[in-house]
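Undergrad: Mind having a look at this structure? Questions to follow.
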Amino acid sequence: MKNIKKAPRNRTITLSNEEREKYRSHLLKLTGPASVENILNSVINHDIFKVVDLLPSGFVDLLFIDPPYNLTKRFNLNTFRRMGVEEYKKWMDSWLSKMIRLLKPSASIYICGDWGSSSAIHLLCEEYFIIRNRITFEREKGRGSKRNWKNNLEDIWFCTVSDNYTFNSDKIKLKRRVIAPYRQNGKPKGWTDEAKGKYRLTYPSNIWTDITIPFWSMPENTPHPTQKPEKLLAKIILASSKKGDTIFDPFSGVGTTGVVAKKLERNFVIVEIDEEFCFYALKRLEMAEKDTTIQGYSNGIFWERNTNPQTE
């Protein structure tokens, strides 16, 4: 595979052939049942359908799943093909039902989808979990379509195993610009007047408009076609886990879940079938040892998209 030459402002992460050889020796390949100690903070290069039965029971505090959506899409060497809703639900059930064993009684579950897969996710989650909410985030990327409405949103279904679960609402507040700065007795009501502008801290809703999908000038960007942003994972991990908890991602792609878990002092176990994507995950994990920043999140606060004066 050829090394990629980038334009000067292109910050996309790339791999050299030398790095591929180095990271290949760091991949975990399971050949039998594994203990938590064997897999903790590892990148497992395997087919989740074949490896799920080898994983230990009851080790997961937070399960994040970003499976192939119900559309025809090529992922490097693998292609997923669109199917009927009922067939997609059965496909999901073939692996999700096996993951229940891995969860702690207090675990939370987040499953990603789009308009074509959300109905199947909803029906399946009702069979196994307590559905808490459906998050919809604005996916502001792409030029749209002349024959249909631009697909500009994605869903994340939030579920729990039981009524005993973690939710740290104070850890995920959003800092927003104040449009109508109301005052009472001459003093700001519910907002602060800062040097860079007027801001209000708010609890997050289930509509997220502050997410930026990684693109070529962002240092977290990779060649993966459906890479989730670090900021999105940071919201979920901070909300639904504690330091030292274990996050599991069975379709990890280029490892965003593991990278953010590491930056936020959580443990992780990630599984990815594609070796090249695993190499990117390992490189990003290596980079996270020196740089723990997350774009759009600083000093314990999430910022609206393109409003953080420290990054403008």
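Identifiers for the structure tokens are assigned positionally: chains receive A, B, ... in sequence, residues are indexed from 1 per chain, and ligands are indexed from 1 in the order shown.
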Got a sec: who's within 10 Å of Pro219 (chain A), counting only C-alpha atoms, leaving out chain neighbours fewer than 3 positions off, as a ChimeraX atom specification?

TA: /A:10-13,214-216,222,295

Undergrad: What does the file look like for those residues with N, CA and C atoms, as an mmCIF file, in the first residue's frame?

TA:
```
data_model
loop_
_atom_site.group_PDB
_atom_site.id
_atom_site.type_symbol
_atom_site.label_atom_id
_atom_site.label_comp_id
_atom_site.auth_asym_id
_atom_site.auth_seq_id
_atom_site.Cartn_x
_atom_site.Cartn_y
_atom_site.Cartn_z
ATOM 1 N N ASN A 10 -3.781 19.876 5.024
ATOM 2 C CA ASN A 10 -4.508 18.630 5.270
ATOM 3 C C ASN A 10 -3.900 17.937 6.489
ATOM 4 N N ARG A 11 -4.695 17.840 7.567
ATOM 5 C CA ARG A 11 -4.200 17.265 8.823
ATOM 6 C C ARG A 11 -4.666 15.826 9.017
ATOM 7 N N THR A 12 -5.235 15.225 7.981
ATOM 8 C CA THR A 12 -5.713 13.848 8.058
ATOM 9 C C THR A 12 -4.588 12.906 8.476
ATOM 10 N N ILE A 13 -4.885 12.029 9.407
ATOM 11 C CA ILE A 13 -3.902 11.043 9.856
ATOM 12 C C ILE A 13 -3.638 10.044 8.736
ATOM 13 N N PRO A 214 -15.715 14.822 11.380
ATOM 14 C CA PRO A 214 -14.307 15.029 11.012
ATOM 15 C C PRO A 214 -14.108 15.251 9.512
ATOM 16 N N PHE A 215 -13.285 16.232 9.184
ATOM 17 C CA PHE A 215 -12.946 16.495 7.788
ATOM 18 C C PHE A 215 -11.448 16.780 7.683
ATOM 19 N N TRP A 216 -10.965 17.031 6.483
ATOM 20 C CA TRP A 216 -9.537 16.964 6.173
ATOM 21 C C TRP A 216 -8.636 17.896 6.989
ATOM 22 N N THR A 222 -9.443 10.732 9.653
ATOM 23 C CA THR A 222 -8.792 9.588 9.019
ATOM 24 C C THR A 222 -9.525 9.291 7.704
ATOM 25 N N GLN A 295 -11.581 18.313 20.392
ATOM 26 C CA GLN A 295 -12.090 19.517 19.752
ATOM 27 C C GLN A 295 -13.535 19.793 20.171
#
```

Undergrad: Name the residues of region 89-312 of chain A that come out as helix (DSSP H, G or I) in a backbone DSSP run; write them as a PyMOL selection string.

TA: chain A and resi 89-102+118-128+169-171+230-240+256-263+275-288

Undergrad: Any chance you could list, as a PyMOL selection string, the residues in region 74-294 of chain A that come up strand (DSSP E or B) when DSSP is run on the backbone?

TA: chain A and resi 74-75+78-80+103-113+130-138+153-160+174-177+183-184+187-188+192-194+197-202+207-208+246-249+267-272+294

Undergrad: If I take CA of Ile213 (chain A) and CA of Glu21 (chain A), how far is one from the other in Å, to one decimal?

TA: 29.3 Å

Undergrad: Show which residues sit within 8 Å of Tyr110 (chain A), as a ChimeraX atom specification. Count only C-alpha atoms, and ignore same-chain residues fewer than 3 positions away.

TA: /A:62-65,156-159

Undergrad: At a cut-off of 10 Å, using only C-alpha atoms, what residues contact Gln227 (chain A)? Leave out same-chain residues fewer than 2 positions from it and give the result as an mmCIF file with C-alpha atoms, in the first residue's frame.

TA:
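Just written: around.cif:
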```cif
data_model
loop_
_atom_site.group_PDB
_atom_site.id
_atom_site.type_symbol
_atom_site.label_atom_id
_atom_site.label_comp_id
_atom_site.auth_asym_id
_atom_site.auth_seq_id
_atom_site.Cartn_x
_atom_site.Cartn_y
_atom_site.Cartn_z
ATOM 1 C CA ASP A 66 -21.859 2.047 15.667
ATOM 2 C CA ILE A 213 -18.090 15.498 11.483
ATOM 3 C CA PRO A 214 -14.307 15.029 11.012
ATOM 4 C CA PHE A 215 -12.946 16.495 7.788
ATOM 5 C CA GLU A 220 -8.570 13.562 14.319
ATOM 6 C CA ASN A 221 -9.604 12.903 10.707
ATOM 7 C CA THR A 222 -8.792 9.588 9.019
ATOM 8 C CA PRO A 223 -9.741 7.987 5.676
ATOM 9 C CA HIS A 224 -12.627 6.080 7.326
ATOM 10 C CA PRO A 225 -15.882 6.931 5.475
ATOM 11 C CA PRO A 229 -16.255 12.628 16.089
ATOM 12 C CA GLU A 230 -14.328 12.525 19.348
ATOM 13 C CA SER A 252 -14.778 0.322 16.390
ATOM 14 C CA GLY A 253 -13.593 1.429 12.945
ATOM 15 C CA VAL A 254 -10.565 3.662 13.487
ATOM 16 C CA GLY A 255 -10.863 3.513 17.263
ATOM 17 C CA THR A 256 -12.559 6.768 18.268
#
```

Undergrad: Which one is closest to Asn267 (chain A): A:Ala34, A:Ile111, A:Ile100, A:Val60? Count only C-alpha atoms.

TA: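 With only C-alpha atoms as the atom set, the closest residue is A:Val60.
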
Undergrad: For each of A:Ser57, A:Ser25, A:Ser145, A:Thr292, take the minimum atom-to-atom distance to Glu265 (chain A), counting only C-alpha atoms, then give the residue where this is smallest.

TA: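 Checking each of A:Ser57, A:Ser25, A:Ser145, A:Thr292 against Glu265 (chain A), counting only C-alpha atoms, the winner is A:Thr292.
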
Undergrad: So how far away is CA of Asp155 (chain A) from CA of Gly58 (chain A), in Å?

TA: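 Separation between CA of Gly58 (chain A) and CA of Asp155 (chain A): 26.6 Å.
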
Undergrad: Could you check which of A:Glu126, A:Glu289, A:Asp47, A:Glu87 is closest to Ile270 (chain A), using only C-alpha atoms?

TA: A:Asp47

Undergrad: What is the CA of Trp95 (chain A)-CA of Leu124 (chain A) distance in Å, reported with one decimal?

TA: 11.5 Å

Undergrad: Identify which of the residues A:Asn164, A:Asn78, A:Glu276, A:Glu86 lies closest to Lys104 (chain A), counting only C-alpha atoms when measuring atom-to-atom distances.

TA: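 Closest to Lys104 (chain A) of all the choices is A:Asn164.
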
Undergrad: Report as an mmCIF file with N, CA and C atoms, in the first residue's frame all protein, DNA and RNA residues lying within 12 Å of Gly84 (chain A), evaluated on only C-alpha atoms, omitting residues in the same chain fewer than 6 positions from it.

TA:
```
data_model
loop_
_atom_site.group_PDB
_atom_site.id
_atom_site.type_symbol
_atom_site.label_atom_id
_atom_site.label_comp_id
_atom_site.auth_asym_id
_atom_site.auth_seq_id
_atom_site.Cartn_x
_atom_site.Cartn_y
_atom_site.Cartn_z
ATOM 1 N N TYR A 69 -24.847 0.953 8.940
ATOM 2 C CA TYR A 69 -26.254 1.325 8.809
ATOM 3 C C TYR A 69 -26.885 0.522 7.682
ATOM 4 N N ASN A 70 -28.201 0.531 7.633
ATOM 5 C CA ASN A 70 -28.899 -0.284 6.653
ATOM 6 C C ASN A 70 -28.878 0.384 5.268
ATOM 7 N N LEU A 71 -27.696 0.436 4.710
ATOM 8 C CA LEU A 71 -27.501 0.959 3.363
ATOM 9 C C LEU A 71 -26.260 0.312 2.772
ATOM 10 N N THR A 72 -26.168 0.344 1.478
ATOM 11 C CA THR A 72 -25.013 -0.258 0.808
ATOM 12 C C THR A 72 -23.821 0.678 0.925
ATOM 13 N N LYS A 90 -33.013 -8.739 12.227
ATOM 14 C CA LYS A 90 -32.517 -10.084 12.512
ATOM 15 C C LYS A 90 -30.991 -10.115 12.494
ATOM 16 N N TRP A 91 -30.393 -9.358 11.562
ATOM 17 C CA TRP A 91 -28.935 -9.290 11.509
ATOM 18 C C TRP A 91 -28.387 -8.679 12.793
ATOM 19 N N GLY A 116 -33.012 5.023 8.136
ATOM 20 C CA GLY A 116 -33.305 3.722 7.541
ATOM 21 C C GLY A 116 -33.108 2.550 8.478
ATOM 22 N N SER A 117 -32.460 2.771 9.614
ATOM 23 C CA SER A 117 -32.197 1.666 10.543
ATOM 24 C C SER A 117 -32.783 1.881 11.931
ATOM 25 N N SER A 119 -35.802 2.352 13.082
ATOM 26 C CA SER A 119 -37.001 1.586 13.456
ATOM 27 C C SER A 119 -36.627 0.183 13.911
ATOM 28 N N ALA A 120 -35.670 -0.440 13.228
ATOM 29 C CA ALA A 120 -35.218 -1.769 13.623
ATOM 30 C C ALA A 120 -34.516 -1.734 14.981
#
```

Undergrad: Can you list, as number ranges by chain, every protein, DNA or RNA residue that comes within 8 Å of Glu140 (chain A) when you count only C-alpha atoms, leaving out same-chain residues fewer than 3 positions away?

TA: A: 152-153, 212-213

Undergrad: Compile the contact shell of Lys243 (chain A) as a list in words: residues with an atom at most 10 Å away, counting only C-alpha atoms, same-chain residues fewer than 5 positions apart removed.

TA: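 Near Lys243 (chain A), the qualifying residues are Ile237, Leu238, Ala261, Lys262, Leu264, Glu265, Arg266 and Asn267 of chain A.
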
Undergrad: Grab the residues selected above and save them as a JSON list (two decimals), in the first residue's frame with C-alpha atoms.

TA:
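Saved to again.json:
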```json
[["chain", "number", "residue", "atom", "x", "y", "z"],
["A", 237, "ILE", "CA", -18.60, 8.60, 27.85],
["A", 238, "LEU", "CA", -18.72, 11.48, 30.33],
["A", 261, "ALA", "CA", -11.94, 6.60, 26.64],
["A", 262, "LYS", "CA", -8.17, 6.86, 27.06],
["A", 264, "LEU", "CA", -10.98, 10.66, 29.69],
["A", 265, "GLU", "CA", -9.25, 8.06, 31.91],
["A", 266, "ARG", "CA", -11.54, 5.14, 31.19],
["A", 267, "ASN", "CA", -10.62, 1.60, 30.14]]
```

Undergrad: Give me the residues of region 199-250 of chain A that have any atom at most 10 Å from an atom of region 36-42 of chain A; for each, the nearest atom pair and the distance in Å, rounded to one decimal. Use only C-alpha atoms, sort by chain and number, and format it as a tab-separated table.

TA:
```
residue	atom	partner	partner_atom	distance
A:Thr246	CA	A:Leu40	CA	8.1
A:Ile247	CA	A:Asn41	CA	9.3
A:Phe248	CA	A:Leu40	CA	9.7
```

Undergrad: Those selected residues, please, written with N, CA and C atoms and delivered as a short mmCIF file (atom, residue, chain, number, x, y, z; two decimals), in the first residue's frame.

TA:
```cif
data_model
loop_
_atom_site.label_atom_id
_atom_site.label_comp_id
_atom_site.auth_asym_id
_atom_site.auth_seq_id
_atom_site.Cartn_x
_atom_site.Cartn_y
_atom_site.Cartn_z
N THR A 246 -15.15 0.58 32.15
CA THR A 246 -14.73 -0.06 30.90
C THR A 246 -15.76 0.16 29.80
N ILE A 247 -15.29 0.69 28.67
CA ILE A 247 -16.13 0.96 27.51
C ILE A 247 -15.85 -0.10 26.45
N PHE A 248 -16.90 -0.65 25.87
CA PHE A 248 -16.73 -1.68 24.83
C PHE A 248 -17.38 -1.22 23.53
#
```

Undergrad: Rank nothing, just name the residue among A:Pro204, A:Gly296, A:Gly186, A:Gly258 nearest to Ala239 (chain A), using only C-alpha atoms.

TA: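 Closest candidate: A:Pro204.
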
Undergrad: Could you check which of A:Asn45, A:Ser240, A:Asn299, A:Asn206 is closest to Ile109 (chain A), using only C-alpha atoms?

TA: A:Ser240
